[in-house]
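Visitor: Have a look at the structure that comes next, please.
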Amino acid sequence: MLGGTTEASLLARSLATKNVDAIFSYAGRTETPVAQPLPTRIGGFGGIAGLVAYLKANAISHVVDATHPFAAQMSRNAIVACAEAGVPLLAFERAPWQAAEGDTWICLDSIEAAVAALPEAAARVFLAIGKQNLAPFAAKPQHHYLLRLVDPAPPPLSDCAIVVDRGPFSVENDIALMTQHKITHIVAKNAGGTGARAKLDAARALQIPVILIDRPSLPERKVADEVAKVLQWLGHQADRGV
Ligand code: 3Y8
Ligand code: NAP
């Protein structure tokens, strides 16, 4: 299974409990990823060809893509590689968040659009998007940015504060954090799920606008949205799965 999300960890616990012969795969994006109750591999496969070779060399019979909705490259590679290797693929994906009463969301389709949506007048922006997409915000140096990263890193923007923290987060924590930093805007990814949701509920409580970036579109693939459905998909042929 291709992991790196709360849902992936949930599925890993079920697979381990049922003694399904599975391997958990991390990209190796963070220094100390959460340990999993399954044999774990860390690092890229080497593109589509690398993944095809891995599937064949390890006699993988099923692939579950439980990566984050923004891990689009991995998901695209998995679709092509599994088709090429003739290995069935199932995506385990959480639904996007939907705005509720009292939410002030501006939904956009790219990081660049999010930068453009920030005001010209100096603001205090909570960039809760990790570390891989921060460069475009240098185009608006007039703002103070609060960055939340999984691992420490040198400040990538001229006026920024860094908080090193690993989710899942709580609403209380995010209300306190945004109050302490006098945040006026949030930029976030529409990740869905529970692990990153707290800041949106905190934003509603504080009446702070959220610039929410839509997830990238992916080619057609089989999708399940709960562990039981993934186990059922695997259960009919419960043998070696990734
Ligand atoms: C390496 C594995 C689990 C999985 C936990 C979820 C929840 C906490 C919330 C904020 C948003 C963000 C970020 C975030 C969350 C969960 C989940 C989720 C968002 C770890 C993990 C890996 C990563 C990679 C990391 C990215 C970054 C994104 C931080 C582990 C902790 C912003 C996404 O420093 C970096 O290079 C970080 C890179 C990809 C996005 C980015 O582009 O920077 N996730 N996050 C996985 C691997 O190596 O394969 O270290 O344990 C996993 C989790 N992060 O088991 O409980 O399921 O979403 N991760 C976003 O959603 O916007 C933080 O701060 O509010
Ligand atoms: P990405 O851009 O879609 O993938 C880039 C490359 O990283 C892939 O082509 C692959 O390398 C490697 N890779 C990605 N996920 C992998 C995995 N689970 N196992 C092995 N290799 C993997 O990926 P990303 O957005 O950087 O995400 C990396 C990891 O962080 C994923 O596990 C994802 O679930 C997790 N994550 C991402 C986000 C996010 O916002 N992007 C949020 C939370 C968690 P090769 O081409 O060499 O095979």
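By convention here, the chains of the structure tokens are called A, B, ... in the order presented, each chain's residues are numbered starting at 1, and ligands are numbered starting at 1 in the order presented.
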Where does chain A meet ligand 1 within 6 Å, residue by residue, with the nearest atom pair and distance in Å to one decimal for each, counting only C-alpha atoms and all ligand atoms, listed by chain and rising number, as a tab-separated table?
Guide:
residue	atom	partner	partner_atom_place_in_ligand_line	distance
A:Gly4	CA	ligand 1	46 (C)	4.1
A:Thr5	CA	ligand 1	57 (O)	3.3
A:Thr6	CA	ligand 1	57 (O)	3.7
A:Ser9	CA	ligand 1	55 (O)	4.7
A:Tyr26	CA	ligand 1	49 (O)	3.4
A:Ala27	CA	ligand 1	49 (O)	3.6
A:Gly28	CA	ligand 1	48 (O)	3.6
A:Arg29	CA	ligand 1	48 (O)	3.7
A:Thr30	CA	ligand 1	50 (O)	4.9
A:Thr32	CA	ligand 1	50 (O)	5.7
A:Pro33	CA	ligand 1	50 (O)	3.3
A:Val34	CA	ligand 1	51 (O)	3.7
A:Ala128	CA	ligand 1	64 (O)	4.2
A:Ile129	CA	ligand 1	32 (C)	3.7
A:Gly130	CA	ligand 1	43 (O)	3.3
A:Lys131	CA	ligand 1	43 (O)	3.7
A:Gln132	CA	ligand 1	43 (O)	4.0
A:Asn133	CA	ligand 1	42 (O)	5.7
A:Arg148	CA	ligand 1	64 (O)	5.0
A:Leu149	CA	ligand 1	34 (O)	5.5
A:Val150	CA	ligand 1	34 (O)	5.0
A:Asp151	CA	ligand 1	34 (O)	5.5
A:Arg166	CA	ligand 1	31 (C)	5.5
A:Gly167	CA	ligand 1	8 (C)	3.6
A:Pro168	CA	ligand 1	8 (C)	4.3
A:Ala188	CA	ligand 1	62 (O)	5.8
A:Lys189	CA	ligand 1	62 (O)	4.6
A:Ala191	CA	ligand 1	61 (O)	4.8
A:Gly195	CA	ligand 1	7 (C)	3.7
A:Ala196	CA	ligand 1	9 (C)	3.9
Visitor: Can you pull out the residues contacting Met74 (chain A)? Cut-off 10 Å, using only C-alpha atoms, and skip same-chain residues under 6 positions away; I want them as a list in words.
Guide: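 Residues meeting the cut-off are Leu2, Ala27, Gly44, Phe45, Gly47, Ile48, Leu51, Asp65, Thr67 and His68 of chain A.
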Visitor: Could you pull the residues within 7 Å of region 172-174 of chain A, counting only C-alpha atoms, minus those fewer than 2 positions along the same chain, as a compact mmCIF listing (two decimals) with N, CA, C and O atoms, in the first residue's frame?
Guide:
# COMPACT_ATOMS: atom_id res chain seq x y z
N PHE A 169 -4.15 17.54 14.06
CA PHE A 169 -4.21 18.73 14.91
C PHE A 169 -5.58 18.83 15.57
O PHE A 169 -6.54 18.20 15.12
N SER A 170 -5.66 19.67 16.63
CA SER A 170 -6.97 19.85 17.30
C SER A 170 -7.47 21.27 17.06
O SER A 170 -6.68 22.20 16.82
N ALA A 176 -5.76 28.53 19.32
CA ALA A 176 -4.70 29.18 20.13
C ALA A 176 -3.57 29.66 19.22
O ALA A 176 -3.10 30.80 19.34
N LEU A 177 -3.16 28.81 18.29
CA LEU A 177 -2.05 29.15 17.39
C LEU A 177 -2.39 30.39 16.56
O LEU A 177 -1.60 31.34 16.47
N MET A 178 -3.59 30.42 15.97
CA MET A 178 -3.95 31.54 15.09
C MET A 178 -4.21 32.82 15.88
O MET A 178 -3.94 33.92 15.40
N ALA A 198 -8.84 20.53 11.49
CA ALA A 198 -8.98 21.41 12.67
C ALA A 198 -8.90 22.88 12.31
O ALA A 198 -9.70 23.70 12.79
N LYS A 199 -7.96 23.25 11.44
CA LYS A 199 -7.76 24.68 11.15
C LYS A 199 -8.98 25.31 10.50
O LYS A 199 -9.22 26.51 10.65
N ALA A 202 -11.33 25.96 13.29
CA ALA A 202 -10.78 27.10 14.06
C ALA A 202 -11.06 28.40 13.30
O ALA A 202 -11.44 29.42 13.88
Visitor: Can you tell me, as a VMD selection string, what residues are no more than 10 Å from region 215-228 of chain A when counting only C-alpha atoms, ignoring any on the same chain fewer than 6 positions away?
Guide: chain A and resid 7 to 8 10 to 12 14 to 15 64 to 66 68 to 73 75 to 76 79 to 80 88 to 96 108 to 110 189 to 192 234 to 235
Visitor: I need the chosen residues saved as an mmCIF file, in the first residue's frame, with C-alpha atoms.
Guide:
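Output file result-v7.cif is given in full below:
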data_model
loop_
_atom_site.group_PDB
_atom_site.id
_atom_site.type_symbol
_atom_site.label_atom_id
_atom_site.label_comp_id
_atom_site.auth_asym_id
_atom_site.auth_seq_id
_atom_site.Cartn_x
_atom_site.Cartn_y
_atom_site.Cartn_z
ATOM 1 C CA GLU A 7 -6.399 6.751 6.254
ATOM 2 C CA ALA A 8 -3.319 4.784 5.217
ATOM 3 C CA LEU A 10 -5.886 3.205 9.702
ATOM 4 C CA LEU A 11 -5.844 0.647 6.871
ATOM 5 C CA ALA A 12 -2.368 -0.570 7.883
ATOM 6 C CA SER A 14 -6.539 -3.426 9.904
ATOM 7 C CA LEU A 15 -4.276 -5.284 7.491
ATOM 8 C CA VAL A 64 -3.929 0.154 -2.591
ATOM 9 C CA ASP A 65 -3.154 3.836 -3.232
ATOM 10 C CA ALA A 66 -3.859 5.490 0.124
ATOM 11 C CA HIS A 68 -2.846 12.113 -0.008
ATOM 12 C CA PRO A 69 -5.135 13.674 -2.669
ATOM 13 C CA PHE A 70 -2.323 16.123 -3.491
ATOM 14 C CA ALA A 71 0.167 13.311 -4.109
ATOM 15 C CA ALA A 72 -1.006 13.399 -7.714
ATOM 16 C CA GLN A 73 2.245 12.255 -9.329
ATOM 17 C CA SER A 75 -1.320 8.338 -8.006
ATOM 18 C CA ARG A 76 -0.836 8.928 -11.733
ATOM 19 C CA ILE A 79 -2.499 3.960 -12.452
ATOM 20 C CA VAL A 80 -0.114 3.500 -15.390
ATOM 21 C CA PRO A 88 -5.372 -4.530 -9.758
ATOM 22 C CA LEU A 89 -5.348 -1.018 -8.185
ATOM 23 C CA LEU A 90 -7.753 0.519 -5.679
ATOM 24 C CA ALA A 91 -7.520 4.108 -4.394
ATOM 25 C CA PHE A 92 -8.457 4.617 -0.737
ATOM 26 C CA GLU A 93 -9.467 8.276 -0.786
ATOM 27 C CA ARG A 94 -11.284 10.662 1.558
ATOM 28 C CA ALA A 95 -13.936 13.031 0.210
ATOM 29 C CA PRO A 96 -13.117 16.752 -0.168
ATOM 30 C CA LEU A 108 -9.259 28.031 -6.041
ATOM 31 C CA ASP A 109 -7.545 25.511 -8.306
ATOM 32 C CA SER A 110 -3.860 26.327 -7.806
ATOM 33 C CA LYS A 189 -5.306 22.351 0.614
ATOM 34 C CA ASN A 190 -8.647 20.614 0.308
ATOM 35 C CA ALA A 191 -7.127 17.445 1.729
ATOM 36 C CA GLY A 192 -10.347 16.080 3.217
ATOM 37 C CA LEU A 234 -8.713 -7.495 -0.941
ATOM 38 C CA GLY A 235 -10.647 -10.200 0.915
#
Visitor: Set the distance at 9 Å and use only C-alpha atoms: which residues neighbour Pro152 (chain A) once local chain neighbours fewer than 5 positions away are removed? I'd like the list as number ranges by chain.
Guide: A: 162-164
Visitor: Using only C-alpha atoms, which protein or nucleic acid residues come within 8 Å of region 118-125 of chain A? Drop anything in the same chain fewer than 2 positions from it, and give the result as number ranges by chain.
Guide: A: 114-116, 127, 140, 142-146, 181-187
Visitor: Based on DSSP run over this structure's backbone, return all residues of region 124-175 of chain A in helix (DSSP H, G or I), as a PyMOL selection string.
Guide: chain A and resi 135-139+171-175
Visitor: Filtering to N, CA, C and O atoms, could you give me those residues as a CSV table (one decimal), in the first residue's frame?
Guide:
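Done, and the output landed in part19.csv:
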chain,number,residue,atom,x,y,z
A,135,ALA,N,7.3,28.6,-2.3
A,135,ALA,CA,8.1,29.6,-3.2
A,135,ALA,C,7.1,30.6,-3.8
A,135,ALA,O,7.4,31.8,-3.7
A,136,PRO,N,6.0,30.2,-4.4
A,136,PRO,CA,5.1,31.3,-5.0
A,136,PRO,C,4.8,32.4,-4.1
A,136,PRO,O,4.5,33.5,-4.6
A,137,PHE,N,4.7,32.2,-2.8
A,137,PHE,CA,4.3,33.3,-1.9
A,137,PHE,C,5.3,34.4,-1.8
A,137,PHE,O,5.0,35.5,-1.2
A,138,ALA,N,6.5,34.1,-2.3
A,138,ALA,CA,7.6,35.2,-2.2
A,138,ALA,C,7.1,36.4,-3.1
A,138,ALA,O,7.6,37.5,-3.0
A,139,ALA,N,6.2,36.2,-4.0
A,139,ALA,CA,5.6,37.2,-4.9
A,139,ALA,C,4.9,38.3,-4.0
A,139,ALA,O,4.7,39.4,-4.5
A,171,VAL,N,-8.8,21.5,17.2
A,171,VAL,CA,-9.4,22.8,16.9
A,171,VAL,C,-8.8,23.8,18.0
A,171,VAL,O,-8.4,24.9,17.7
A,172,GLU,N,-8.8,23.3,19.3
A,172,GLU,CA,-8.3,24.2,20.4
A,172,GLU,C,-6.9,24.6,20.0
A,172,GLU,O,-6.5,25.8,20.1
A,173,ASN,N,-6.0,23.7,19.6
A,173,ASN,CA,-4.6,24.0,19.3
A,173,ASN,C,-4.6,25.1,18.2
A,173,ASN,O,-3.8,26.0,18.3
A,174,ASP,N,-5.4,24.9,17.1
A,174,ASP,CA,-5.3,25.8,16.0
A,174,ASP,C,-5.9,27.1,16.3
A,174,ASP,O,-5.5,28.2,15.8
A,175,ILE,N,-7.0,27.2,17.2
A,175,ILE,CA,-7.5,28.5,17.6
A,175,ILE,C,-6.4,29.2,18.4
A,175,ILE,O,-6.1,30.4,18.1
Visitor: Hey, can you check how far atom 21 (N, counted along the ligand's line) of ligand 2 sits from CA of Asp165 (chain A)?
Guide: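 CA of Asp165 (chain A) lies at a distance of 22.2 Å from atom 21 (N, counted along the ligand's line) of ligand 2.
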Visitor: Taking only C-alpha atoms and all ligand atoms into account, name the residue in A:Thr104, A:Thr194, A:Thr17, A:Ser158 that is nearest to ligand 2.
Guide: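 Among the listed residues, A:Thr194 lies closest to ligand 2.
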Visitor: Among region 3-222 of chain A, which ones does DSSP place in strand (DSSP E or B), written as a PyMOL selection string?
Guide: chain A and resi 22+24-26+40-42+62-65+89-92+105-108+124-127+144-149+160-164+185-189+210-213
Visitor: Counting only C-alpha atoms and all ligand atoms, figure out which residue out of A:Pro209, A:Gly43, A:Gly193, A:Pro156 gets nearest to ligand 2.
Guide: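 Nearest to ligand 2: A:Gly43.
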Visitor: Which residue out of A:Leu206, A:Met1, A:Leu147, A:Ile106 has the minimum interatomic distance to ligand 2 when only C-alpha atoms and all ligand atoms are used?
Guide: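 Ranking A:Leu206, A:Met1, A:Leu147, A:Ile106 by distance to ligand 2, first place goes to A:Met1.
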Visitor: With distances taken over only C-alpha atoms and all ligand atoms, which of A:Ala113, A:Ala35, A:Ile42, A:Val87 is nearest to ligand 2?
Guide: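 Among the listed residues, the smallest separation from ligand 2 belongs to A:Ile42.
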Visitor: Tell me, in Å to one decimal, how far CA of Phe24 (chain A) is from CA of Leu38 (chain A).
Guide: 6.1 Å
Visitor: Choose the residue, out of A:Ile111, A:Pro154, A:Glu84, A:Ala78, that has the smallest atom-to-atom separation from Leu134 (chain A); count only C-alpha atoms.
Guide: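 Smallest distance to Leu134 (chain A) is found for A:Ile111.
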